[in-house]
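Peer 1: Could you have a look at this structure, given as structure tokens, before my questions?
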Amino acid sequence: MGVGNFYSALQVISEQWIFLHLFLREWRNWLDRKVGLLSPLADRDVNYAAGLNGRPCNKRRVSWQEAVMKIDIDELSPVQRKVRVELPAETVAGEFSRAYKNLSQRARVKGFRSGKIPRSVLQGMYGDEVKGEVRSHLVEESLGEIVKERNLQIVSRPEVETAEFDENGPFSFSAIFEVKPDFEVKTYLGLEVEKVKIAITEAQVEEALQRLQEGHARLELVEGREVVQKGDFVTLDFEGMILPQFEDAVVGLRLGERQTVAVNYPENYPNKEIAGKAVDFSIVAREIKQKVLPALDDEFAKDHGECASLDELKARIRERLEHELGQYQKEELKEKLVSRLIEAHPFAVPPSMVERQTRYLMERYQNQIAAQRDAELPAPMEEVRKNLEPRATRQVQATLLVEKIAQLEHIEISDKDVQERVDALARAAGERAKPLRDVYARAEARDDLRAQMVFERTLEYLLERAIVKEVDPPISKVDEQAEKR
């Protein structure tokens with residue numbers, strides 16, 4: 001198990017809480033714009049009909065708006081609902097009156113004072129616009145009230161269909177949307193997970209030491225040699241884009257002489273005119289340099305490791321590797337816990353959440369490819385999507401499960417905890433501390449950070465209560481053959 005892959009192993013965990021707080025932000029913004037901006041309505045006690053069968057149920061406080069609505073809610077699937085709503089003519093007429101009254105205050109019509117424009121005049125000039133405004137307001141207000149009163153955890157934007165209506169009749173509409181699945185989490189404490197026994201080897205310490213040595217190498221001008229050799233660093237004059245194939249093509253060039261070299265382009269190169277072909281380049285080698293490594297001795301340890309000796313530097317490297325390995329195994333155990341939870345709690349996930357997470361992962365993939373100059377040509381996006389959808393589905397399942405457990409165990413993050421995390425991030429940001437603090441001065445950003453911290457703390461909570469069993473690493477094929485010999 002390579003310790004160098006530690007940070008990439010954190011991506012799956014981080015992607016889960018990133019998705020959660022990004023989605024909550026998106027849904028919160030939409031709800032505020034479309035549904036949540038409701039006028040305060042007086043509440044009163046009523047005997048409320050359940051909606052699906054019309055039979056009376058227990059008395060509860062509901063808003064006046066919901067009391068006069070006829071509501072039917074159909075369960076199309078475990079994660080999809082269809083709401084049918086009918087508003088009485090009185091409500092519709094009142095909404096038209098409000099709309100025309102507001103319009104009369106704003107409109108400018110020649111021959112009439114502001115606020116004194118007859119409704120019939122406004123109907124002739126703005127009737128269609130007012131009808132559209134009334135339709136939108138009735139849907140937004142009534143749907144928002146239903147979401148609130150029925151505690152519907154919507155995770156997609158509603159698809160709304162409205163029936164034709166006029167100013168003196170009732171208004172009806174339907175809305176289809178996805179909701180969070182309703183499931184029960186039973187077994188999540190005391191789960192058993194296996195931890196493979198792994199120790200840092202001397203070879204890994206030496207490898208890390210060599211990487212440190214490489215990081216402090218210097219380039220020196222080659223003297224007394226005019227021919228480029230493999231491993232040289234060469235300054236070239238040419239037109240075009242550097243490709244990995246240039247490394248072999250420039251071997252054998254002589255300094256100062258213009259020469260033609262053939263570069264073979266891969267079959268999947270984006271430019272179809274040269275894909276799979278050899279293209280000639282006219283280039284001149286101007287300078288040859290070689291990489292010179294510093295000696296690995298006590299002086300190197302003092303200069304680049306802040307240690308008194310090379311042995312002390314090696315000991316510090318081992319300590320760092322062991323810490324990274326411990327962190328890696330800890331995150332691996334969390335992933336195993338998540339897998340156990342998913343296996344024990346099968347439930348349907350909303351397709352819209354999977355789609356949103358898939359798009360998020362695809363954007364991350366594209367950004368990573370763009371940041372890697374020497375990366376191989378990316379796979380077609382259709383193939384990328386196909387490969388990422390299972391991961392997206394799993395991450396949505398994990399997000400919903402961990403969210404549910406956090407609620408059951410009352411796991412919360414205080415304002416003080418959030419501020420301490422912001423302070424730690426600012427210290428790590430160095431010169432970028434001020435812009436980072438400006439970002440987290442916004443309530444929305446702090447809510448996102450809080451969601452991340454709840455996710456992290458819940459996984460820590462589960463790991464602390466898990467039964468961790470240490471096991472020997474599996475024997476590789478090479479080891480098996482060695483034992484037989």
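Every chain in the structure tokens has a letter given in the order shown (A, B, ...), and although residue numbers restart at 1 in each chain, ligands are simply numbered from 1 in the order shown.
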Give me, as a list in words, the residues of stretch 161-236 of chain A that a backbone DSSP run labels strand (DSSP E or B).
Peer 2: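 Strand (DSSP E or B) members of stretch 161-236 of chain A, listed: Glu161, Thr162, Phe171, Ser172, Phe173, Ser174, Ala175, Ile176, Phe177, Glu178, Val179, Glu192, Val193, Glu194, Lys195, Val196, Arg218, Leu219, Glu220, Leu221, Val227, Phe233, Val234, Thr235 and Leu236 of chain A.
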Peer 1: Report as a ChimeraX atom specification: the residues of stretch 73-282 of chain A with a DSSP assignment of helix (DSSP H, G or I), based on the backbone of this structure.
Peer 2: /A:89-106,119-150,202-215,246-249
Peer 1: Which residues are near A:Arg286? Cut-off 8 Å, only C-alpha atoms, ignore same chain within fewer than 4 positions. Put them as a list in words.
Peer 2: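 Listed by chain and then number, they are Val234, Thr235, Leu236, Asp237, Leu255 and Gly256 of chain A.
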Peer 1: Could you write those residues out with C-alpha atoms, as a PDB file, in the first residue's frame?
Peer 2:
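What follows is the written file result25.pdb:
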ATOM      1  CA  VAL A 234      17.705  21.104 -23.240  1.00  0.00           C
ATOM      2  CA  THR A 235      16.847  24.647 -24.313  1.00  0.00           C
ATOM      3  CA  LEU A 236      15.296  24.466 -27.790  1.00  0.00           C
ATOM      4  CA  ASP A 237      14.309  26.854 -30.557  1.00  0.00           C
ATOM      5  CA  LEU A 255      24.273  22.228 -30.139  1.00  0.00           C
ATOM      6  CA  GLY A 256      23.685  25.123 -32.545  1.00  0.00           C
TER       7      GLY A 256
END
Peer 1: Find the residues near stretch 403-406 of chain A: any atom within 8 Å, counting only C-alpha atoms, skip ones fewer than 5 places away on the same chain, and give them as JSON, numbers by chain.
Peer 2: {"A": [185, 411, 412, 454, 455, 458]}
Peer 1: Just the number, please: distance in Å from atom CA of A:Leu459 to atom CA of A:Gln153, one decimal.
Peer 2: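 Atom-to-atom, atom CA of A:Leu459 and atom CA of A:Gln153 are spaced 23.1 Å apart.
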Peer 1: Counting only C-alpha atoms, what is within 9 Å of A:Ile413, bar same-chain residues fewer than 6 positions away, as a PyMOL selection string?
Peer 2: chain A and resi 450-451+453-454+457
Peer 1: Give the answer as one residue: which of A:Arg391, A:Lys195, A:Arg320, A:Lys334 has the shortest atom-to-atom distance to A:Glu355, using only C-alpha atoms?
Peer 2: A:Arg391
